[in-house]
file query-v2.cif (mmCIF, C-alpha atoms)
data_model
#
loop_
_atom_site.label_atom_id
_atom_site.label_comp_id
_atom_site.auth_asym_id
_atom_site.auth_seq_id
_atom_site.Cartn_x
_atom_site.Cartn_y
_atom_site.Cartn_z
CA MET A 1 101.26 68.17 101.45
CA ASP A 2 99.73 69.51 104.69
CA GLU A 3 96.31 71.16 104.71
CA ASP A 4 97.89 74.23 106.34
CA GLU A 5 100.31 74.67 103.47
CA TYR A 6 99.02 77.06 100.82
CA VAL A 7 100.28 76.89 97.26
CA MET A 8 99.07 79.30 94.60
CA THR A 9 97.66 77.76 91.49
CA GLU A 10 98.95 78.94 88.16
CA GLU A 11 95.82 81.06 87.68
CA GLN A 12 96.13 82.65 91.13
CA GLN A 13 99.79 83.44 90.44
CA ARG A 14 98.88 85.05 87.11
CA ILE A 15 96.21 87.20 88.78
CA HIS A 16 98.62 88.21 91.56
CA ASP A 17 101.31 89.16 89.02
CA GLU A 18 98.79 91.23 87.04
CA LYS A 19 97.71 93.09 90.20
CA MET A 20 101.33 93.87 91.09
CA LYS A 21 102.04 95.11 87.54
CA ASN A 22 98.98 97.38 87.66
CA LEU A 23 99.98 98.70 91.09
CA LYS A 24 103.44 99.64 89.75
CA ILE A 25 101.95 101.40 86.71
CA ARG A 26 99.40 103.31 88.78
CA THR A 27 101.96 104.24 91.45
CA ALA A 28 104.33 105.60 88.77
CA SER A 29 101.48 107.62 87.30
CA VAL A 30 100.60 109.09 90.72
CA ILE A 31 104.27 109.95 91.35
CA GLU A 32 104.41 111.84 88.03
CA MET A 33 101.19 113.69 88.92
CA LEU A 34 102.62 114.65 92.32
CA LYS A 35 105.85 115.89 90.70
CA GLU A 36 103.87 118.16 88.38
CA THR A 37 101.51 119.42 91.09
CA TYR A 38 103.19 119.94 94.45
CA PHE A 39 105.50 122.64 95.72
CA PRO A 40 107.44 123.16 99.00
CA GLY A 41 105.30 123.28 102.13
CA HIS A 42 102.25 121.93 100.35
CA SER A 43 100.03 119.52 102.24
CA THR A 44 97.26 117.50 100.67
CA THR A 45 94.46 115.15 101.40
CA ALA A 46 96.35 112.60 99.33
CA LYS A 47 93.56 110.07 99.43
CA ARG A 48 91.11 112.27 97.53
CA VAL A 49 93.71 113.58 95.07
CA ILE A 50 94.94 110.08 94.26
CA GLU A 51 91.42 108.66 93.91
CA ARG A 52 90.45 111.42 91.48
CA HIS A 53 93.63 110.81 89.49
CA LEU A 54 92.89 107.07 89.25
CA ILE A 55 89.32 107.75 88.10
CA ARG A 56 90.47 110.28 85.51
CA GLU A 57 93.54 108.46 84.17
CA PHE A 58 92.56 104.80 84.46
CA GLY A 59 88.76 104.96 84.29
CA LEU A 60 88.29 103.25 87.64
CA LYS A 61 84.97 103.41 89.41
CA PRO A 62 84.90 105.30 92.74
CA ARG A 63 84.90 102.14 94.86
CA GLU A 64 87.82 100.69 92.85
CA ALA A 65 89.69 104.00 93.13
CA THR A 66 89.26 103.94 96.91
CA TYR A 67 90.70 100.41 97.14
CA HIS A 68 93.62 100.99 94.76
CA GLY A 69 94.25 104.48 96.18
CA GLY A 70 94.77 102.97 99.61
CA LEU A 71 97.36 100.57 98.21
CA ILE A 72 99.15 103.42 96.45
CA ILE A 73 99.14 105.58 99.59
CA ASP A 74 100.71 102.68 101.51
CA ALA A 75 103.37 102.29 98.80
CA LEU A 76 104.15 106.04 98.77
CA HIS A 77 104.27 106.13 102.57
CA GLN A 78 106.70 103.18 102.67
CA ARG A 79 108.95 104.95 100.16
CA GLY A 80 108.88 108.16 102.23
CA ILE A 81 107.23 110.24 99.52
CA ILE A 82 104.29 111.20 101.72
CA GLU A 83 103.99 111.38 105.49
CA HIS A 84 101.19 112.21 107.91
CA VAL A 85 100.88 115.84 109.00
CA PRO A 86 101.32 115.85 112.80
CA GLU A 87 98.73 118.61 113.36
CA ASP A 88 96.01 116.47 111.77
CA THR A 89 95.38 114.19 114.73
CA ALA A 90 91.59 114.11 114.47
CA ARG A 91 91.20 112.53 111.03
CA ASN A 92 94.80 111.56 110.26
CA ALA A 93 93.99 112.09 106.59
CA LEU A 94 96.30 114.99 105.75
CA PHE A 95 99.67 114.16 104.21
CA ARG A 96 102.79 116.19 103.52
CA VAL A 97 104.59 115.52 100.27
CA ASN A 98 108.35 115.09 100.78
CA LEU A 99 109.64 116.84 97.65
CA ARG A 100 113.25 115.71 98.07
CA VAL A 101 112.25 112.07 98.04
CA LEU A 102 109.63 112.71 95.35
CA GLN A 103 112.18 114.25 92.97
CA LYS A 104 114.46 111.21 93.38
CA ALA A 105 111.62 108.77 92.66
#

call {"tool": "encode", "arguments": {"input": "query-v2.cif", "output": "structure tokens"}}
result
Amino acid sequence: MDEDEYVMTEEQQRIHDEKMKNLKIRTASVIEMLKETYFPGHSTTAKRVIERHLIREFGLKPREATYHGGLIIDALHQRGIIEHVPEDTARNALFRVNLRVLQKA
């Protein structure tokens, strides 16, 4: 085996699988929260809303919520559920919730 070749140990694989499972659970929870909360034309600072949800629902600490919230925002963005608001060029922190895609999720 080459030194450049990287193979996960059984423990690393278990940890990776656990992280992915938790990401799916948390993402599903955030999607449900968005379905209950948002209405047509509504924009949000998704980062803050998602972080607060993770702290409240999963008991994460603020730093953990920031890390996991970023992963969830990436997942929602890839699925087309949220998208950047074009007018928010300065901070690029405002997101629009795509309700059509959200309702199908």

call {"tool": "resolve_selection", "arguments": {"input": "query-v2.cif", "expression": "the PyMOL selection byres ((chain A and resi 18-23) around 12)", "output": "list in words"}}
result
Glu11, Gln12, Gln13, Arg14, Ile15, His16, Asp17, Lys24, Ile25, Arg26, Thr27, Ala28, Ser29, Val30, Leu54, Phe58, Ala65, Tyr67, His68, Gly69, Gly70, Leu71, Ile72, Ile73, Asp74, Ala75 and Leu76 of chain A

call {"tool": "closest_residue", "arguments": {"input": "query-v2.cif", "among": "A:Thr66, A:Lys47, A:Thr9, A:Arg52", "to": "Phe95 in chain A", "atoms": "all atoms listed in the file"}}
result
A:Lys47

call {"tool": "resolve_selection", "arguments": {"input": "query-v2.cif", "expression": "the PyMOL selection byres ((chain A and resi 97) around 6)", "output": "MDAnalysis selection string"}}
result
chainID A and resid 81:82 96 98:99

call {"tool": "write_last_selection", "arguments": {"input": "query-v2.cif", "atoms": "C-alpha atoms", "output": "mmCIF file, in the frame of the given file"}}
result
data_model
loop_
_atom_site.group_PDB
_atom_site.id
_atom_site.type_symbol
_atom_site.label_atom_id
_atom_site.label_comp_id
_atom_site.auth_asym_id
_atom_site.auth_seq_id
_atom_site.Cartn_x
_atom_site.Cartn_y
_atom_site.Cartn_z
ATOM 1 C CA ILE A 81 107.230 110.240 99.520
ATOM 2 C CA ILE A 82 104.290 111.200 101.720
ATOM 3 C CA ARG A 96 102.790 116.190 103.520
ATOM 4 C CA ASN A 98 108.350 115.090 100.780
ATOM 5 C CA LEU A 99 109.640 116.840 97.650
#

call {"tool": "closest_residue", "arguments": {"input": "query-v2.cif", "among": "A:Arg79, A:Val7, A:Pro86, A:Ile50", "to": "Ala105 in chain A", "atoms": "all atoms listed in the file"}}
result
A:Arg79

call {"tool": "atom_distance", "arguments": {"input": "query-v2.cif", "atom1": "CA of Met8 in chain A", "atom2": "CA of Gly59 in chain A"}}
result
29.5 Å

call {"tool": "atom_distance", "arguments": {"input": "query-v2.cif", "atom1": "CA of Ile55 in chain A", "atom2": "CA of Ile31 in chain A"}}
result
15.5 Å

call {"tool": "atom_distance", "arguments": {"input": "query-v2.cif", "atom1": "CA of Met33 in chain A", "atom2": "CA of Glu57 in chain A"}}
result
10.4 Å
